[in-house]
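Here is the file data-v5.tsv (TSV, C-alpha atoms and all ligand atoms).
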```tsv
chain	number	residue	atom	x	y	z
A	2	MET	CA	-10.38	-6.10	-28.64
A	3	TRP	CA	-7.96	-5.25	-25.93
A	4	TRP	CA	-8.57	-1.53	-25.96
A	5	ARG	CA	-12.36	-1.59	-26.20
A	6	GLY	CA	-13.96	0.41	-23.43
A	7	SER	CA	-10.68	1.26	-21.80
A	8	ILE	CA	-9.53	4.69	-20.84
A	9	CYS	CA	-5.89	5.34	-21.31
A	10	ASN	CA	-3.78	8.18	-22.42
A	11	TYR	CA	-1.70	8.07	-25.52
A	12	GLN	CA	1.45	6.94	-23.74
A	13	LYS	CA	-0.18	4.05	-21.89
A	14	CYS	CA	-2.17	2.88	-24.90
A	15	PHE	CA	0.97	2.95	-26.96
A	16	ILE	CA	2.88	0.91	-24.38
A	17	LEU	CA	0.00	-1.57	-24.17
A	18	PHE	CA	-0.12	-1.93	-27.91
A	19	ILE	CA	3.61	-2.45	-28.31
A	20	SER	CA	3.74	-4.82	-25.34
A	21	SER	CA	0.80	-6.87	-26.62
A	22	ALA	CA	2.54	-7.20	-29.93
A	23	LEU	CA	5.84	-8.21	-28.34
A	24	ILE	CA	4.65	-10.63	-25.67
A	25	GLY	CA	3.35	-13.16	-28.18
A	26	GLY	CA	6.84	-13.47	-29.60
A	27	LEU	CA	8.77	-13.70	-26.34
A	28	SER	CA	10.04	-17.02	-25.05
A	29	PRO	CA	9.53	-17.91	-21.35
A	30	ALA	CA	13.25	-17.31	-20.85
A	31	ALA	CA	13.03	-13.89	-22.41
A	32	LEU	CA	10.05	-13.07	-20.21
A	33	ALA	CA	11.96	-14.23	-17.17
A	34	ASN	CA	14.88	-12.02	-18.12
A	35	ASN	CA	12.63	-9.05	-18.55
A	36	PRO	CA	10.19	-9.22	-15.63
A	37	LYS	CA	9.64	-5.49	-15.47
A	38	GLY	CA	9.18	-4.69	-19.11
A	39	ALA	CA	7.43	-7.78	-20.42
A	40	ILE	CA	4.05	-7.42	-18.71
A	41	PRO	CA	2.55	-4.02	-19.35
A	42	ASN	CA	0.94	-1.99	-16.65
A	43	SER	CA	-2.64	-2.02	-17.77
A	44	SER	CA	-4.58	-0.71	-14.78
A	45	VAL	CA	-6.10	2.75	-14.91
A	46	SER	CA	-7.01	4.63	-11.78
A	47	ILE	CA	-9.77	7.08	-12.60
A	48	GLY	CA	-10.93	10.09	-10.59
A	49	THR	CA	-10.11	10.49	-6.91
A	50	PRO	CA	-9.96	8.06	-3.98
A	51	MET	CA	-13.22	9.58	-2.69
A	52	GLY	CA	-15.02	9.55	-6.03
A	53	GLY	CA	-13.47	7.33	-8.61
A	54	ARG	CA	-13.23	3.94	-10.19
A	55	LEU	CA	-10.71	1.43	-11.38
A	56	GLU	CA	-10.20	-0.10	-14.76
A	57	ASN	CA	-8.25	-3.32	-15.34
A	58	GLY	CA	-7.41	-3.38	-11.66
A	59	GLU	CA	-4.83	-5.91	-10.56
A	60	VAL	CA	-5.80	-8.47	-7.96
A	61	LEU	CA	-3.63	-9.00	-4.91
A	62	PRO	CA	-3.20	-12.75	-4.30
A	63	LYS	CA	-4.59	-13.92	-0.95
A	64	LYS	CA	-1.13	-14.51	0.38
A	65	GLY	CA	2.44	-13.94	-0.67
A	66	SER	CA	5.95	-13.52	0.71
A	67	GLY	CA	5.48	-11.76	4.01
A	68	TYR	CA	1.79	-10.93	3.82
A	69	VAL	CA	-1.70	-12.35	4.07
A	70	LEU	CA	-4.95	-10.75	3.02
A	71	ILE	CA	-7.34	-10.77	5.99
A	72	GLN	CA	-10.59	-12.77	5.75
A	73	GLU	CA	-12.86	-9.76	5.95
A	74	THR	CA	-11.21	-8.20	2.91
A	75	GLN	CA	-11.44	-11.46	0.99
A	76	ARG	CA	-15.15	-11.62	1.76
A	77	ARG	CA	-15.63	-8.05	0.62
A	78	ARG	CA	-13.57	-8.74	-2.50
A	79	ALA	CA	-11.71	-5.54	-1.85
A	80	ARG	CA	-8.42	-6.84	-3.13
A	81	PHE	CA	-7.96	-4.94	-6.37
A	82	GLY	CA	-5.69	-2.01	-6.97
A	83	ALA	CA	-3.68	-0.07	-9.45
A	84	SER	CA	-0.82	-2.29	-10.60
A	85	GLU	CA	1.60	0.07	-8.89
A	86	LEU	CA	-0.17	-0.31	-5.55
A	87	VAL	CA	-0.29	-4.09	-5.77
A	88	ALA	CA	3.42	-4.17	-6.63
A	89	LEU	CA	4.12	-1.89	-3.68
A	90	VAL	CA	2.25	-4.13	-1.22
A	91	LYS	CA	4.15	-7.19	-2.39
A	92	GLU	CA	7.50	-5.44	-2.23
A	93	VAL	CA	7.18	-3.85	1.19
A	94	ALA	CA	5.89	-7.06	2.81
A	95	PHE	CA	8.77	-8.96	1.26
A	96	ARG	CA	11.33	-6.40	2.42
A	97	VAL	CA	10.10	-6.42	6.02
A	98	GLN	CA	10.09	-10.21	6.04
A	99	ARG	CA	13.62	-10.27	4.69
A	100	LYS	CA	14.75	-7.97	7.49
A	101	TYR	CA	12.70	-9.65	10.24
A	102	ARG	CA	12.27	-13.31	9.46
A	103	GLY	CA	8.79	-14.72	9.86
A	104	SER	CA	7.04	-11.35	9.57
A	105	VAL	CA	3.51	-11.48	8.25
A	106	LEU	CA	1.84	-8.24	7.24
A	107	GLY	CA	-1.94	-8.28	7.59
A	108	VAL	CA	-3.30	-6.59	4.49
A	109	ALA	CA	-6.87	-5.27	4.65
A	110	ASP	CA	-8.98	-3.46	2.06
A	111	LEU	CA	-7.72	-2.16	-1.24
A	112	SER	CA	-10.58	-1.47	-3.73
A	113	ARG	CA	-13.31	-3.49	-5.42
A	114	ARG	CA	-12.68	-4.88	-8.89
A	115	LEU	CA	-14.17	-1.87	-10.63
A	116	GLY	CA	-13.54	0.53	-7.77
A	117	GLY	CA	-16.36	2.80	-6.65
A	118	ARG	CA	-17.97	3.03	-3.25
A	119	ILE	CA	-17.14	0.42	-0.68
A	120	ASP	CA	-18.59	-0.25	2.79
A	121	HIS	CA	-16.79	1.26	5.79
A	122	HIS	CA	-14.73	3.67	3.70
A	123	GLY	CA	-15.00	7.17	2.35
A	124	SER	CA	-12.13	6.49	-0.02
A	125	HIS	CA	-10.57	3.28	-1.46
A	126	GLN	CA	-12.47	3.96	-4.68
A	127	ASN	CA	-9.85	4.01	-7.40
A	128	GLY	CA	-7.19	1.48	-6.48
A	129	ARG	CA	-4.78	3.83	-4.75
A	130	ASP	CA	-5.56	3.05	-1.09
A	131	VAL	CA	-4.67	0.07	1.04
A	132	ASP	CA	-4.98	-0.63	4.77
A	133	PHE	CA	-2.32	-2.48	6.71
A	134	LEU	CA	-2.69	-3.98	10.16
A	135	PHE	CA	0.11	-3.29	12.60
A	136	TYR	CA	2.96	-5.65	13.27
A	137	LEU	CA	2.42	-6.63	16.91
A	138	LEU	CA	4.21	-8.46	19.71
A	139	ASP	CA	2.49	-10.57	22.32
A	140	ILE	CA	2.97	-9.98	26.02
A	141	LYS	CA	6.17	-12.06	26.00
A	142	GLY	CA	7.62	-9.97	23.20
A	143	LYS	CA	7.08	-12.59	20.53
A	144	SER	CA	6.01	-11.47	17.07
A	145	ILE	CA	2.47	-12.54	16.17
A	146	ALA	CA	0.67	-12.81	12.84
A	147	ASN	CA	-1.90	-10.08	13.35
A	148	HIS	CA	-5.27	-10.56	11.64
A	149	ALA	CA	-7.24	-7.96	13.57
A	150	PHE	CA	-7.64	-4.21	13.93
A	151	VAL	CA	-6.06	-3.83	17.36
A	152	PRO	CA	-6.13	-0.27	18.76
A	153	ILE	CA	-2.85	0.91	20.21
A	154	ASP	CA	-2.38	3.67	22.81
A	155	ALA	CA	0.32	6.31	23.11
A	156	ASN	CA	2.56	3.94	25.07
A	157	GLY	CA	2.39	1.34	22.33
A	158	TYR	CA	0.04	-1.08	24.15
A	159	SER	CA	-3.24	-2.49	22.93
A	160	THR	CA	-6.40	-1.08	24.46
A	161	GLU	CA	-8.70	-3.87	23.19
A	162	PRO	CA	-7.82	-6.29	24.66
A	163	PRO	CA	-6.00	-4.12	27.20
A	164	MET	CA	-2.23	-4.62	27.42
A	165	ALA	CA	-2.39	-7.93	25.55
A	166	TYR	CA	-0.26	-6.76	22.64
A	167	ARG	CA	2.47	-4.27	22.00
A	168	PHE	CA	3.18	-2.22	18.89
A	169	ASP	CA	6.30	-3.67	17.25
A	170	THR	CA	7.93	-0.33	16.58
A	171	PRO	CA	11.10	-1.54	14.78
A	172	ARG	CA	9.10	-3.76	12.45
A	173	ASN	CA	6.49	-1.10	11.76
A	174	TRP	CA	9.24	1.42	11.12
A	175	ALA	CA	10.78	-1.03	8.64
A	176	LEU	CA	7.43	-1.00	6.85
A	177	ILE	CA	7.37	2.81	6.73
A	178	GLU	CA	10.93	2.86	5.44
A	179	ALA	CA	10.09	0.31	2.73
A	180	LEU	CA	7.04	2.35	1.67
A	181	LEU	CA	9.02	5.57	1.41
A	182	THR	CA	11.96	4.11	-0.47
A	183	SER	CA	10.13	1.83	-2.89
A	184	LYS	CA	10.30	2.58	-6.59
A	185	LYS	CA	7.04	0.72	-7.27
A	186	ALA	CA	4.82	3.66	-6.35
A	187	ILE	CA	5.08	7.05	-4.69
A	188	VAL	CA	3.38	7.31	-1.32
A	189	GLN	CA	1.36	10.44	-0.62
A	190	TRP	CA	-0.09	9.60	2.79
A	191	ILE	CA	0.21	7.06	5.55
A	192	PHE	CA	-2.73	7.84	7.80
A	193	VAL	CA	-2.22	6.83	11.42
A	194	SER	CA	-2.77	8.34	14.85
A	195	ASP	CA	-0.47	11.08	16.13
A	196	ALA	CA	0.49	8.83	19.04
A	197	ILE	CA	1.76	6.09	16.75
A	198	LYS	CA	3.47	8.62	14.52
A	199	ALA	CA	5.37	9.84	17.60
A	200	LEU	CA	6.43	6.28	18.50
A	201	LEU	CA	7.73	5.71	14.99
A	202	LEU	CA	9.62	8.99	14.68
A	203	THR	CA	11.21	8.60	18.12
A	204	HIS	CA	12.39	5.15	17.11
A	205	ALA	CA	13.70	6.45	13.78
A	206	GLN	CA	15.81	9.06	15.61
A	207	GLU	CA	17.11	6.45	18.05
A	208	VAL	CA	18.27	4.08	15.34
A	209	GLY	CA	19.88	6.89	13.32
A	210	ALA	CA	17.59	6.82	10.32
A	211	SER	CA	18.58	9.32	7.65
A	212	PRO	CA	17.36	12.89	8.22
A	213	LEU	CA	15.76	12.85	4.77
A	214	LEU	CA	13.78	9.72	5.54
A	215	ILE	CA	12.65	11.15	8.87
A	216	ARG	CA	11.54	14.38	7.20
A	217	GLN	CA	9.59	12.41	4.61
A	218	ALA	CA	7.97	10.31	7.33
A	219	GLU	CA	7.02	13.46	9.24
A	220	GLN	CA	5.17	14.68	6.17
A	221	VAL	CA	3.35	11.55	5.05
A	222	LEU	CA	2.40	10.13	8.45
A	223	ARG	CA	-0.78	11.98	9.31
A	224	GLN	CA	-3.71	11.63	11.63
A	225	PRO	CA	-6.64	12.54	9.40
A	226	GLY	CA	-8.82	14.82	11.49
A	227	LYS	CA	-10.90	13.01	14.06
A	228	LYS	CA	-10.46	9.62	12.45
A	229	LEU	CA	-7.69	8.47	14.72
A	230	HIS	CA	-6.41	5.42	12.84
A	231	MET	CA	-5.22	3.81	16.09
A	232	ASP	CA	-5.52	0.30	14.70
A	233	HIS	CA	-4.08	0.37	11.19
A	234	PHE	CA	-2.08	2.25	8.60
A	235	HIS	CA	-3.98	3.62	5.62
A	236	VAL	CA	-1.58	4.08	2.73
A	237	ARG	CA	-2.37	6.18	-0.33
A	238	ILE	CA	-0.21	6.45	-3.42
A	239	TYR	CA	-0.12	9.26	-5.96
A	240	CYS	CA	-1.68	8.72	-9.35
A	241	PRO	CA	0.61	6.59	-11.49
A	242	ARG	CA	2.09	8.92	-14.09
A	243	THR	CA	0.66	6.87	-16.93
A	244	ASP	CA	-2.88	7.19	-15.54
A	245	LYS	CA	-2.95	10.97	-15.95
A	246	PRO	CA	-5.08	12.84	-16.76
A	247	ALA	CA	-7.90	10.36	-15.98
A	248	CYS	CA	-6.53	10.05	-12.44
A	249	ASP	CA	-6.81	13.04	-10.07
A	250	ASP	CA	-4.39	13.71	-7.26
A	251	ILE	CA	-5.80	15.77	-4.46
A	252	GLY	CA	-3.85	17.27	-1.59
A	253	PRO	CA	-0.18	18.16	-1.39
A	254	ARG	CA	2.53	17.04	-3.76
A	255	TRP	CA	5.63	16.59	-1.60
A	256	ALA	CA	8.74	18.32	-2.94
A	257	TRP	CA	10.79	15.12	-2.83
A	258	THR	CA	8.28	13.35	-5.08
A	259	ARG	CA	8.37	15.85	-7.93
B	301	ZN	ZN	-8.29	2.85	4.66
```
Here is a file; write its structure as structure tokens.
Amino acid sequence: MWWRGSICNYQKCFILFISSALIGGLSPAALANNPKGAIPNSSVSIGTPMGGRLENGEVLPKKGSGYVLIQETQRRRARFGASELVALVKEVAFRVQRKYRGSVLGVADLSRRLGGRIDHHGSHQNGRDVDFLFYLLDIKGKSIANHAFVPIDANGYSTEPPMAYRFDTPRNWALIEALLTSKKAIVQWIFVSDAIKALLLTHAQEVGASPLLIRQAEQVLRQPGKKLHMDHFHVRIYCPRTDKPACDDIGPRWAWTR
């Protein structure tokens, strides 16, 4: 039975039940006209990113509009997330590609199918974390499809290999903007080095980004202690509302997200 073994609160179970009952009777056209409401959100993020698990996690396809899942992540099968996170990844990659044609976002680890501990990470356990590679330019200023964790220095140049690539600040800022303005999920953190945060915020000021957006970016962009995050963004979303109380948020709740 669809609910056996699942953990969901009353609201989510009720939605699942009603949706299950309705979907059988919907025509393809009706489904197409109701893309948001027809398929219920069935994932449940349980616990915390550092000690949690995932139920009915949604799989991120290996590639989609504007993104590709890197090989290492495919091998590790770390491509499952809360439905909200998976929807967010798809949307932000699509939005950056729409703004900058040909953009390909390198998506790295989300969580394992059932969540839990995963190699190389202290978190990524309950479907609310995802790593993104940076959008990079080659030495001639041409956008490349980045499939590697390339460390970037305070001037925006790669250190390994040295000076071979440059941080594509406008494109990476477009990604941050898409993450902070998406309705698919609410972003709590974007972990990245202070140096890259400075590059992004300087660019945002130069292009006249809204003061609200800049303030939000100042809050969520964070170098987490000694883990510099010079070579990728680590994005964490808040618990989806429907996953409470099984899902635990830890850390600050930004005023603009309440
Ligand atoms: Zn990460």
task = Please identify every polymer residue within 9 Å of ligand ZN 301 (chain B), using all atoms listed in the file, and present the set as an MDAnalysis selection string.
result = chainID A and resid 109:111 121:125 130:133 192 230 233:237
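In this comparison, which uses all atoms listed in the file, the residue of A:Pro152, A:Leu202, A:Cys240, A:Asn173 approaching Arg216 in chain A most closely is A:Leu202.
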task = Using CA of Gln220 in chain A and CA of Ser104 in chain A as the two end points, give the distance in Å to one decimal.
result =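 Computing it gives 26.3 Å between the two atoms.
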key: All residues 9 Å or closer to range 134-136 of chain A, only C-alpha atoms, same chain fewer than 6 positions away omitted, as a PyMOL selection string   = chain A and resi 104-109+144-151+167-170+172-173+232-235
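The gap separating CA of Met231 in chain A from CA of Glu161 in chain A is 11.0 Å, in Å to one decimal.
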query = With distances taken over only C-alpha atoms, which of A:Lys141, A:Lys198, A:Lys185, A:Arg99 is nearest to Ala165 in chain A?
reply = A:Lys141
Got a sec: who's within 12 Å of Trp190 in chain A, counting all atoms listed in the file, leaving out chain neighbours fewer than 3 positions off, as a PDB file with C-alpha atoms, in the coordinates of the input?
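Result written to around.pdb:
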```pdb
ATOM      1  CA  ARG A 129      -4.780   3.830  -4.750  1.00  0.00           C
ATOM      2  CA  ASP A 130      -5.560   3.050  -1.090  1.00  0.00           C
ATOM      3  CA  VAL A 131      -4.670   0.070   1.040  1.00  0.00           C
ATOM      4  CA  ASP A 132      -4.980  -0.630   4.770  1.00  0.00           C
ATOM      5  CA  ILE A 177       7.370   2.810   6.730  1.00  0.00           C
ATOM      6  CA  LEU A 180       7.040   2.350   1.670  1.00  0.00           C
ATOM      7  CA  LEU A 181       9.020   5.570   1.410  1.00  0.00           C
ATOM      8  CA  ALA A 186       4.820   3.660  -6.350  1.00  0.00           C
ATOM      9  CA  ILE A 187       5.080   7.050  -4.690  1.00  0.00           C
ATOM     10  CA  VAL A 193      -2.220   6.830  11.420  1.00  0.00           C
ATOM     11  CA  GLN A 217       9.590  12.410   4.610  1.00  0.00           C
ATOM     12  CA  ALA A 218       7.970  10.310   7.330  1.00  0.00           C
ATOM     13  CA  GLU A 219       7.020  13.460   9.240  1.00  0.00           C
ATOM     14  CA  GLN A 220       5.170  14.680   6.170  1.00  0.00           C
ATOM     15  CA  VAL A 221       3.350  11.550   5.050  1.00  0.00           C
ATOM     16  CA  LEU A 222       2.400  10.130   8.450  1.00  0.00           C
ATOM     17  CA  ARG A 223      -0.780  11.980   9.310  1.00  0.00           C
ATOM     18  CA  GLN A 224      -3.710  11.630  11.630  1.00  0.00           C
ATOM     19  CA  PRO A 225      -6.640  12.540   9.400  1.00  0.00           C
ATOM     20  CA  PHE A 234      -2.080   2.250   8.600  1.00  0.00           C
ATOM     21  CA  HIS A 235      -3.980   3.620   5.620  1.00  0.00           C
ATOM     22  CA  VAL A 236      -1.580   4.080   2.730  1.00  0.00           C
ATOM     23  CA  ARG A 237      -2.370   6.180  -0.330  1.00  0.00           C
ATOM     24  CA  ILE A 238      -0.210   6.450  -3.420  1.00  0.00           C
ATOM     25  CA  TYR A 239      -0.120   9.260  -5.960  1.00  0.00           C
ATOM     26  CA  ASP A 250      -4.390  13.710  -7.260  1.00  0.00           C
ATOM     27  CA  ILE A 251      -5.800  15.770  -4.460  1.00  0.00           C
ATOM     28  CA  GLY A 252      -3.850  17.270  -1.590  1.00  0.00           C
ATOM     29  CA  PRO A 253      -0.180  18.160  -1.390  1.00  0.00           C
ATOM     30  CA  ARG A 254       2.530  17.040  -3.760  1.00  0.00           C
ATOM     31  CA  TRP A 255       5.630  16.590  -1.600  1.00  0.00           C
TER      32      TRP A 255
END
```
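The space separating CA of Ala256 in chain A from CA of Ile197 in chain A comes to 24.2 Å.
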inquiry  = I'd like the contact shell of Ala88 in chain A - 10 Å cut-off, only C-alpha atoms, skipping same-chain residues fewer than 6 positions apart - returned as a list in words.
reply    =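 Near neighbours after the sequence-gap exclusion: Glu59, Leu61, Gly82, Ser183, Lys184, Lys185 and Ala186 of chain A.
You can rank A:Ser84, A:Ser44, A:Gln98, A:Thr74 by their closest distance to Ile119 in chain A using only C-alpha atoms, and at the top of that list sits A:Thr74.
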query = Using all atoms listed in the file, which of the listed residues (A:Gln72, A:Ser159, A:Ser46, A:Gln206) sits closest to Asp244 in chain A?
reply = A:Ser46
ask   = Using only C-alpha atoms, which residue out of A:Glu178, A:Glu92, A:Asp154, A:Glu73 lies closest to Ala210 in chain A?
value =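 Under the stated criterion, the closest residue is A:Glu178.
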key: Counting all atoms listed in the file, the option among A:Gly157, A:Gly48, A:Pro212, A:Gly117 closest to Ile140 in chain A   =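 Looking at the shortest contact to Ile140 in chain A, the residue is A:Gly157.
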